[in-house]
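Engineer: Let me begin by handing over the structure; questions about it come next.
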Amino acid sequence: MKAKTLGFVHTSATLVPLFQQLSSEFLKGVETFNIVDDSLIKDVIKKGKLMPNTAARVVSHVQAAEAAGADVILVTCSSIGVAIETAATLSGVPVIRVDQAMADEAVQISNKIGVIATLPTTLEPTSDLVRRRAELAGKNVTITAKLCEGAFEALMSGEAAKHDEMVAEALKELMKEVDVIVLAQASMARVVDSLSAEEKLVPILASPAIAMKKLAELYF
């Protein structure tokens with residue numbers, strides 16, 4: 001029997017090693033490959049939203065991953081979520097948003113959900129996804145969205161420590177208002193790891209591991 005293949009579509013090369021590590025952890029014997037195009041996220045940030053031509057390119061990357069032999073495709077960027085859902089309707093294999101399993105988990109934990117991001121372009125799509133997954137589950141939720149102003153810029157200009165500090169501060173503030181927090185960007189997960197157990201007043205969910213665990217259960 002031929003090994004199953006998982007195709008990744010990323011908008012940042014920095015996510016490749018993270019998902020390689022998670023693949024070896026959760027998906028033994030599954031082959032993987034990566035398609036990376038950081039012009040997608042750069043365009044979304046520049047325009048402030050996902051434009052139709054950028055969405056069309058997301059769809060073509062997903063189709064390329066299917067043509068390359070992927071049995072399942074995972075798209076690891078939340079800013080292009082709507083395009084991922086469009087691509088899924090045009091694909092013969094499952095196409096998964098990295099943040100869907102995380103949103104479902106948050107909805108199960110509590111109806112007071114915090115969403116945190118360093119980019120406005122991921123804050124809205126992630127909040128929207130949580131809202132829609134809650135509706136699907138028949139739950140009424142209150143979403144508190146928080147943007148860490150300037151943290152993304154700090155990260156991009158090589159000031160990782162400053163980014164982590166700003167995100168940690170924002171997380172601590174948000175924890176006082178909600179019962180569970182979802183991270184709108186995979187890049188924020190390492191900040192959570194740096195918090196002590198005492199500082200984690202509520203569950204903080206990061207999409208990569210949750211998504212991979214769910215993929216392993218459902219498809220592999």
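Naming works like this for the structure tokens: A, B, ... for the chains as they're shown, residue 1 at the start of each chain, ligands 1 onward in shown order.
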Report as JSON, numbers by chain all protein, DNA and RNA residues lying within 9 Å of stretch 17-24 of chain A, evaluated on only C-alpha atoms, omitting residues in the same chain fewer than 2 positions from it.

Structural biologist: {"A": [8, 13, 14, 15, 26, 27, 28, 29, 30, 31, 32, 208, 209, 212, 213]}

Engineer: Would you write out those residues with C-alpha atoms, as a CSV table (one decimal), in the first residue's frame?

Structural biologist:
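The file below, result-v3.csv, is the result:
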```csv
chain,number,residue,atom,x,y,z
A,8,PHE,CA,1.4,21.9,2.9
A,13,ALA,CA,9.2,29.6,5.0
A,14,THR,CA,9.6,29.9,8.7
A,15,LEU,CA,6.7,27.5,9.2
A,26,PHE,CA,1.8,12.9,14.7
A,27,LEU,CA,2.0,11.4,11.3
A,28,LYS,CA,4.4,8.4,11.2
A,29,GLY,CA,5.0,7.1,7.7
A,30,VAL,CA,3.2,9.9,6.0
A,31,GLU,CA,5.0,11.6,3.2
A,32,THR,CA,4.9,15.4,3.1
A,208,PRO,CA,-0.3,23.9,14.4
A,209,ALA,CA,-0.3,21.0,16.9
A,212,MET,CA,-1.9,18.1,13.0
A,213,LYS,CA,-3.4,16.0,15.7
```

Engineer: Quick one: residues within 8 Å of stretch 109-126 of chain A, only C-alpha atoms, excluding same-chain residues fewer than 5 positions away - as JSON, numbers by chain?

Structural biologist: {"A": [44, 45, 48, 49, 78, 79, 80, 81, 82, 99, 139, 140, 141, 142, 143, 144, 145, 146, 147, 148, 149, 150, 151, 152, 167, 171, 174, 175, 177, 178, 179, 180, 181, 182, 183, 184, 185]}

Engineer: For those residues, write N, CA and C atoms to a file as a short mmCIF file (atom, residue, chain, number, x, y, z; two decimals), in the first residue's frame.

Structural biologist:
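What ended up in result-v6.cif:
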```cif
data_model
loop_
_atom_site.label_atom_id
_atom_site.label_comp_id
_atom_site.auth_asym_id
_atom_site.auth_seq_id
_atom_site.Cartn_x
_atom_site.Cartn_y
_atom_site.Cartn_z
N VAL A 44 -1.37 40.57 1.14
CA VAL A 44 -2.49 40.77 2.07
C VAL A 44 -2.16 41.90 3.05
N ILE A 45 -0.93 41.89 3.56
CA ILE A 45 -0.51 42.92 4.52
C ILE A 45 -0.50 44.30 3.85
N GLY A 48 -4.03 45.29 3.07
CA GLY A 48 -4.89 45.32 4.25
C GLY A 48 -6.02 44.31 4.22
N LYS A 49 -6.14 43.60 3.11
CA LYS A 49 -7.13 42.51 3.05
C LYS A 49 -6.78 41.56 1.91
N SER A 78 -3.67 31.86 8.34
CA SER A 78 -5.04 32.26 8.67
C SER A 78 -5.54 33.46 7.86
N SER A 79 -4.63 34.30 7.38
CA SER A 79 -5.05 35.50 6.65
C SER A 79 -5.76 35.18 5.35
N ILE A 80 -5.52 33.98 4.82
CA ILE A 80 -6.11 33.63 3.52
C ILE A 80 -7.22 32.60 3.68
N GLY A 81 -7.78 32.54 4.88
CA GLY A 81 -8.78 31.52 5.21
C GLY A 81 -9.93 31.38 4.24
N VAL A 82 -10.47 32.52 3.79
CA VAL A 82 -11.62 32.48 2.90
C VAL A 82 -11.25 31.82 1.57
N ASP A 99 -6.45 26.65 11.15
CA ASP A 99 -7.06 27.12 12.39
C ASP A 99 -8.45 26.55 12.70
N LYS A 139 -23.70 27.08 19.34
CA LYS A 139 -23.30 27.78 20.56
C LYS A 139 -23.30 29.29 20.36
N ASN A 140 -23.62 29.98 21.43
CA ASN A 140 -23.63 31.43 21.41
C ASN A 140 -22.34 31.91 22.10
N VAL A 141 -21.46 32.54 21.38
CA VAL A 141 -20.19 32.93 22.00
C VAL A 141 -19.95 34.44 21.95
N THR A 142 -19.16 34.90 22.90
CA THR A 142 -18.70 36.30 22.89
C THR A 142 -17.22 36.26 22.54
N ILE A 143 -16.85 37.00 21.50
CA ILE A 143 -15.45 37.00 21.07
C ILE A 143 -14.81 38.35 21.39
N THR A 144 -13.70 38.30 22.11
CA THR A 144 -12.93 39.51 22.39
C THR A 144 -11.65 39.45 21.55
N ALA A 145 -11.54 40.38 20.60
CA ALA A 145 -10.38 40.37 19.70
C ALA A 145 -9.35 41.40 20.15
N LYS A 146 -8.09 40.98 20.16
CA LYS A 146 -7.02 41.88 20.62
C LYS A 146 -5.86 41.88 19.62
N LEU A 147 -5.47 43.09 19.21
CA LEU A 147 -4.35 43.23 18.28
C LEU A 147 -3.11 43.73 19.03
N CYS A 148 -2.00 43.03 18.86
CA CYS A 148 -0.74 43.50 19.46
C CYS A 148 -0.08 44.45 18.47
N GLU A 149 -0.39 45.72 18.60
CA GLU A 149 0.15 46.74 17.68
C GLU A 149 1.68 46.75 17.71
N GLY A 150 2.29 46.73 16.53
CA GLY A 150 3.74 46.87 16.44
C GLY A 150 4.55 45.60 16.64
N ALA A 151 3.91 44.54 17.13
CA ALA A 151 4.66 43.30 17.41
C ALA A 151 5.13 42.63 16.12
N PHE A 152 4.28 42.62 15.11
CA PHE A 152 4.65 41.98 13.84
C PHE A 152 5.82 42.72 13.19
N VAL A 167 3.70 40.42 22.85
CA VAL A 167 2.65 39.40 22.78
C VAL A 167 2.34 38.86 24.17
N LEU A 171 -1.23 38.98 26.01
CA LEU A 171 -1.87 37.73 26.45
C LEU A 171 -2.31 37.84 27.91
N LEU A 174 -5.42 39.94 28.15
CA LEU A 174 -6.60 39.27 27.59
C LEU A 174 -7.10 38.14 28.49
N MET A 175 -6.18 37.47 29.18
CA MET A 175 -6.57 36.36 30.05
C MET A 175 -7.53 36.78 31.16
N GLU A 177 -9.98 38.70 30.80
CA GLU A 177 -11.32 38.95 30.26
C GLU A 177 -12.03 37.73 29.69
N VAL A 178 -11.29 36.67 29.40
CA VAL A 178 -11.90 35.53 28.69
C VAL A 178 -11.56 34.20 29.38
N ASP A 179 -12.20 33.11 28.89
CA ASP A 179 -11.96 31.78 29.48
C ASP A 179 -11.04 30.91 28.63
N VAL A 180 -10.83 31.32 27.38
CA VAL A 180 -9.93 30.58 26.50
C VAL A 180 -9.42 31.55 25.43
N ILE A 181 -8.18 31.37 25.00
CA ILE A 181 -7.60 32.26 23.99
C ILE A 181 -7.15 31.45 22.78
N VAL A 182 -7.47 31.95 21.59
CA VAL A 182 -6.91 31.33 20.39
C VAL A 182 -5.90 32.29 19.77
N LEU A 183 -4.79 31.73 19.33
CA LEU A 183 -3.74 32.52 18.68
C LEU A 183 -4.04 32.55 17.19
N ALA A 184 -4.18 33.75 16.65
CA ALA A 184 -4.52 33.86 15.23
C ALA A 184 -3.33 33.54 14.32
N GLN A 185 -2.12 33.50 14.90
CA GLN A 185 -0.95 33.19 14.07
C GLN A 185 -0.07 32.14 14.73
#
```

Engineer: Just asking: which residues within chain A are strand (DSSP E or B) according to DSSP, as number ranges by chain?

Structural biologist: A: 5-10, 31-36, 72-75, 95-97, 112-117, 142-147, 180-183, 204-205

Engineer: Those residues with C-alpha atoms, as a compact mmCIF listing (two decimals), in the first residue's frame please?

Structural biologist:
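Result file result.txt:
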```txt
# COMPACT_ATOMS: atom_id res chain seq x y z
CA THR A 5 0.90 12.17 1.26
CA LEU A 6 0.15 15.43 3.03
CA GLY A 7 0.76 18.61 1.06
CA PHE A 8 1.41 21.86 2.89
CA VAL A 9 0.77 25.31 1.44
CA HIS A 10 2.60 27.99 3.47
CA GLU A 31 5.01 11.61 3.16
CA THR A 32 4.94 15.41 3.08
CA PHE A 33 5.88 18.21 0.73
CA ASN A 34 5.76 22.00 0.97
CA ILE A 35 4.64 24.77 -1.37
CA VAL A 36 5.79 28.15 -0.02
CA VAL A 72 -4.83 15.85 2.02
CA ILE A 73 -3.79 19.53 1.85
CA LEU A 74 -3.18 21.74 4.88
CA VAL A 75 -2.92 25.49 4.36
CA VAL A 95 -8.32 20.98 1.94
CA ILE A 96 -7.96 22.08 5.56
CA ARG A 97 -7.52 25.47 7.22
CA LYS A 112 -16.03 33.62 26.31
CA ILE A 113 -13.31 33.40 23.68
CA GLY A 114 -10.35 35.70 23.14
CA VAL A 115 -8.65 35.98 19.74
CA ILE A 116 -5.18 37.55 19.62
CA ALA A 117 -3.06 38.53 16.63
CA THR A 142 -18.70 36.30 22.89
CA ILE A 143 -15.45 37.00 21.07
CA THR A 144 -12.93 39.51 22.39
CA ALA A 145 -10.38 40.37 19.70
CA LYS A 146 -7.02 41.88 20.62
CA LEU A 147 -4.35 43.23 18.28
CA VAL A 180 -9.93 30.58 26.50
CA ILE A 181 -7.60 32.26 23.99
CA VAL A 182 -6.91 31.33 20.39
CA LEU A 183 -3.74 32.52 18.68
CA ILE A 204 -4.22 29.20 25.18
CA LEU A 205 -4.65 27.36 21.91
```

Engineer: With distances taken over only C-alpha atoms, which of A:Asn53, A:Thr11, A:Ser187, A:Ser196 is nearest to A:Leu40?

Structural biologist: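 The closest residue to A:Leu40 is A:Thr11.
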
Engineer: Please determine, counting only C-alpha atoms, which residue among A:Asp71, A:Gln108, A:Leu50, A:Asp43 has the shortest atom-to-atom distance to A:Gly138.

Structural biologist: A:Gln108

Engineer: Closest to A:Ala101 among A:Ala56, A:Leu218, A:Ala211, A:Ala168, using only C-alpha atoms?

Structural biologist: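 For A:Ala101, the nearest of the given residues is A:Ala211.
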
Engineer: Select from stretch 76-204 of chain A everything DSSP, run on the backbone, classes as helix (DSSP H, G or I), then give the selection as a PyMOL selection string.

Structural biologist: chain A and resi 78-89+100-109+120-136+151-156+160-175+186-194

Engineer: Keeping C-alpha atoms for every residue in the selection just given, could you write it to a file as a PDB file, in the first residue's frame?

Structural biologist:
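This went into result-v7.pdb:
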```pdb
ATOM      1  CA  SER A  78      -5.045  32.264   8.666  1.00  0.00           C
ATOM      2  CA  SER A  79      -5.047  35.503   6.651  1.00  0.00           C
ATOM      3  CA  ILE A  80      -6.110  33.633   3.522  1.00  0.00           C
ATOM      4  CA  GLY A  81      -8.779  31.522   5.213  1.00  0.00           C
ATOM      5  CA  VAL A  82     -11.623  32.478   2.897  1.00  0.00           C
ATOM      6  CA  ALA A  83      -9.592  31.507  -0.174  1.00  0.00           C
ATOM      7  CA  ILE A  84      -8.788  28.148   1.439  1.00  0.00           C
ATOM      8  CA  GLU A  85     -12.495  27.425   1.832  1.00  0.00           C
ATOM      9  CA  THR A  86     -13.068  28.351  -1.823  1.00  0.00           C
ATOM     10  CA  ALA A  87     -10.187  26.081  -2.874  1.00  0.00           C
ATOM     11  CA  ALA A  88     -11.741  23.233  -0.877  1.00  0.00           C
ATOM     12  CA  THR A  89     -14.909  23.388  -2.983  1.00  0.00           C
ATOM     13  CA  GLN A 100     -10.316  25.179  12.037  1.00  0.00           C
ATOM     14  CA  ALA A 101      -9.613  22.464  14.621  1.00  0.00           C
ATOM     15  CA  MET A 102      -8.410  25.141  17.046  1.00  0.00           C
ATOM     16  CA  ALA A 103     -11.606  27.160  16.576  1.00  0.00           C
ATOM     17  CA  ASP A 104     -13.706  24.039  17.214  1.00  0.00           C
ATOM     18  CA  GLU A 105     -11.762  23.266  20.370  1.00  0.00           C
ATOM     19  CA  ALA A 106     -12.169  26.821  21.687  1.00  0.00           C
ATOM     20  CA  VAL A 107     -15.923  26.701  21.110  1.00  0.00           C
ATOM     21  CA  GLN A 108     -16.103  23.463  23.140  1.00  0.00           C
ATOM     22  CA  ILE A 109     -14.148  24.962  26.064  1.00  0.00           C
ATOM     23  CA  PRO A 120      -5.148  42.944  11.649  1.00  0.00           C
ATOM     24  CA  THR A 121      -5.394  40.780   8.528  1.00  0.00           C
ATOM     25  CA  THR A 122      -5.430  37.594  10.654  1.00  0.00           C
ATOM     26  CA  LEU A 123      -7.504  38.963  13.522  1.00  0.00           C
ATOM     27  CA  GLU A 124     -10.685  39.357  11.485  1.00  0.00           C
ATOM     28  CA  PRO A 125     -10.572  36.026   9.559  1.00  0.00           C
ATOM     29  CA  THR A 126      -9.826  34.074  12.755  1.00  0.00           C
ATOM     30  CA  SER A 127     -12.592  35.823  14.729  1.00  0.00           C
ATOM     31  CA  ASP A 128     -14.959  35.178  11.834  1.00  0.00           C
ATOM     32  CA  LEU A 129     -14.005  31.496  11.734  1.00  0.00           C
ATOM     33  CA  VAL A 130     -14.575  31.080  15.494  1.00  0.00           C
ATOM     34  CA  ARG A 131     -17.970  32.785  15.114  1.00  0.00           C
ATOM     35  CA  ARG A 132     -19.026  30.485  12.265  1.00  0.00           C
ATOM     36  CA  ARG A 133     -17.759  27.297  13.952  1.00  0.00           C
ATOM     37  CA  ALA A 134     -19.705  28.310  17.080  1.00  0.00           C
ATOM     38  CA  GLU A 135     -22.869  28.755  15.015  1.00  0.00           C
ATOM     39  CA  LEU A 136     -22.335  25.327  13.448  1.00  0.00           C
ATOM     40  CA  ALA A 151       4.662  43.302  17.406  1.00  0.00           C
ATOM     41  CA  PHE A 152       4.648  41.982  13.838  1.00  0.00           C
ATOM     42  CA  GLU A 153       6.817  44.877  12.669  1.00  0.00           C
ATOM     43  CA  ALA A 154       9.249  44.125  15.499  1.00  0.00           C
ATOM     44  CA  LEU A 155       9.457  40.492  14.402  1.00  0.00           C
ATOM     45  CA  MET A 156      10.008  41.431  10.762  1.00  0.00           C
ATOM     46  CA  ALA A 160      12.133  38.739  18.109  1.00  0.00           C
ATOM     47  CA  ALA A 161      12.547  39.400  21.834  1.00  0.00           C
ATOM     48  CA  LYS A 162      10.568  42.630  21.583  1.00  0.00           C
ATOM     49  CA  HIS A 163       7.819  40.822  19.659  1.00  0.00           C
ATOM     50  CA  ASP A 164       7.641  38.075  22.306  1.00  0.00           C
ATOM     51  CA  GLU A 165       7.492  40.609  25.110  1.00  0.00           C
ATOM     52  CA  MET A 166       4.640  42.547  23.489  1.00  0.00           C
ATOM     53  CA  VAL A 167       2.652  39.398  22.775  1.00  0.00           C
ATOM     54  CA  ALA A 168       3.184  38.080  26.319  1.00  0.00           C
ATOM     55  CA  GLU A 169       1.952  41.389  27.756  1.00  0.00           C
ATOM     56  CA  ALA A 170      -1.152  41.369  25.562  1.00  0.00           C
ATOM     57  CA  LEU A 171      -1.866  37.730  26.455  1.00  0.00           C
ATOM     58  CA  LYS A 172      -1.747  38.526  30.170  1.00  0.00           C
ATOM     59  CA  GLU A 173      -4.235  41.353  29.719  1.00  0.00           C
ATOM     60  CA  LEU A 174      -6.599  39.267  27.587  1.00  0.00           C
ATOM     61  CA  MET A 175      -6.568  36.355  30.053  1.00  0.00           C
ATOM     62  CA  ALA A 186       1.241  30.147  14.415  1.00  0.00           C
ATOM     63  CA  SER A 187       4.221  32.458  14.962  1.00  0.00           C
ATOM     64  CA  MET A 188       2.861  33.415  18.394  1.00  0.00           C
ATOM     65  CA  ALA A 189       2.927  29.875  19.790  1.00  0.00           C
ATOM     66  CA  ARG A 190       6.496  30.126  21.081  1.00  0.00           C
ATOM     67  CA  VAL A 191       5.503  33.045  23.301  1.00  0.00           C
ATOM     68  CA  VAL A 192       2.979  30.826  25.069  1.00  0.00           C
ATOM     69  CA  ASP A 193       5.726  28.276  25.733  1.00  0.00           C
ATOM     70  CA  SER A 194       7.704  30.998  27.488  1.00  0.00           C
TER      71      SER A 194
END
```
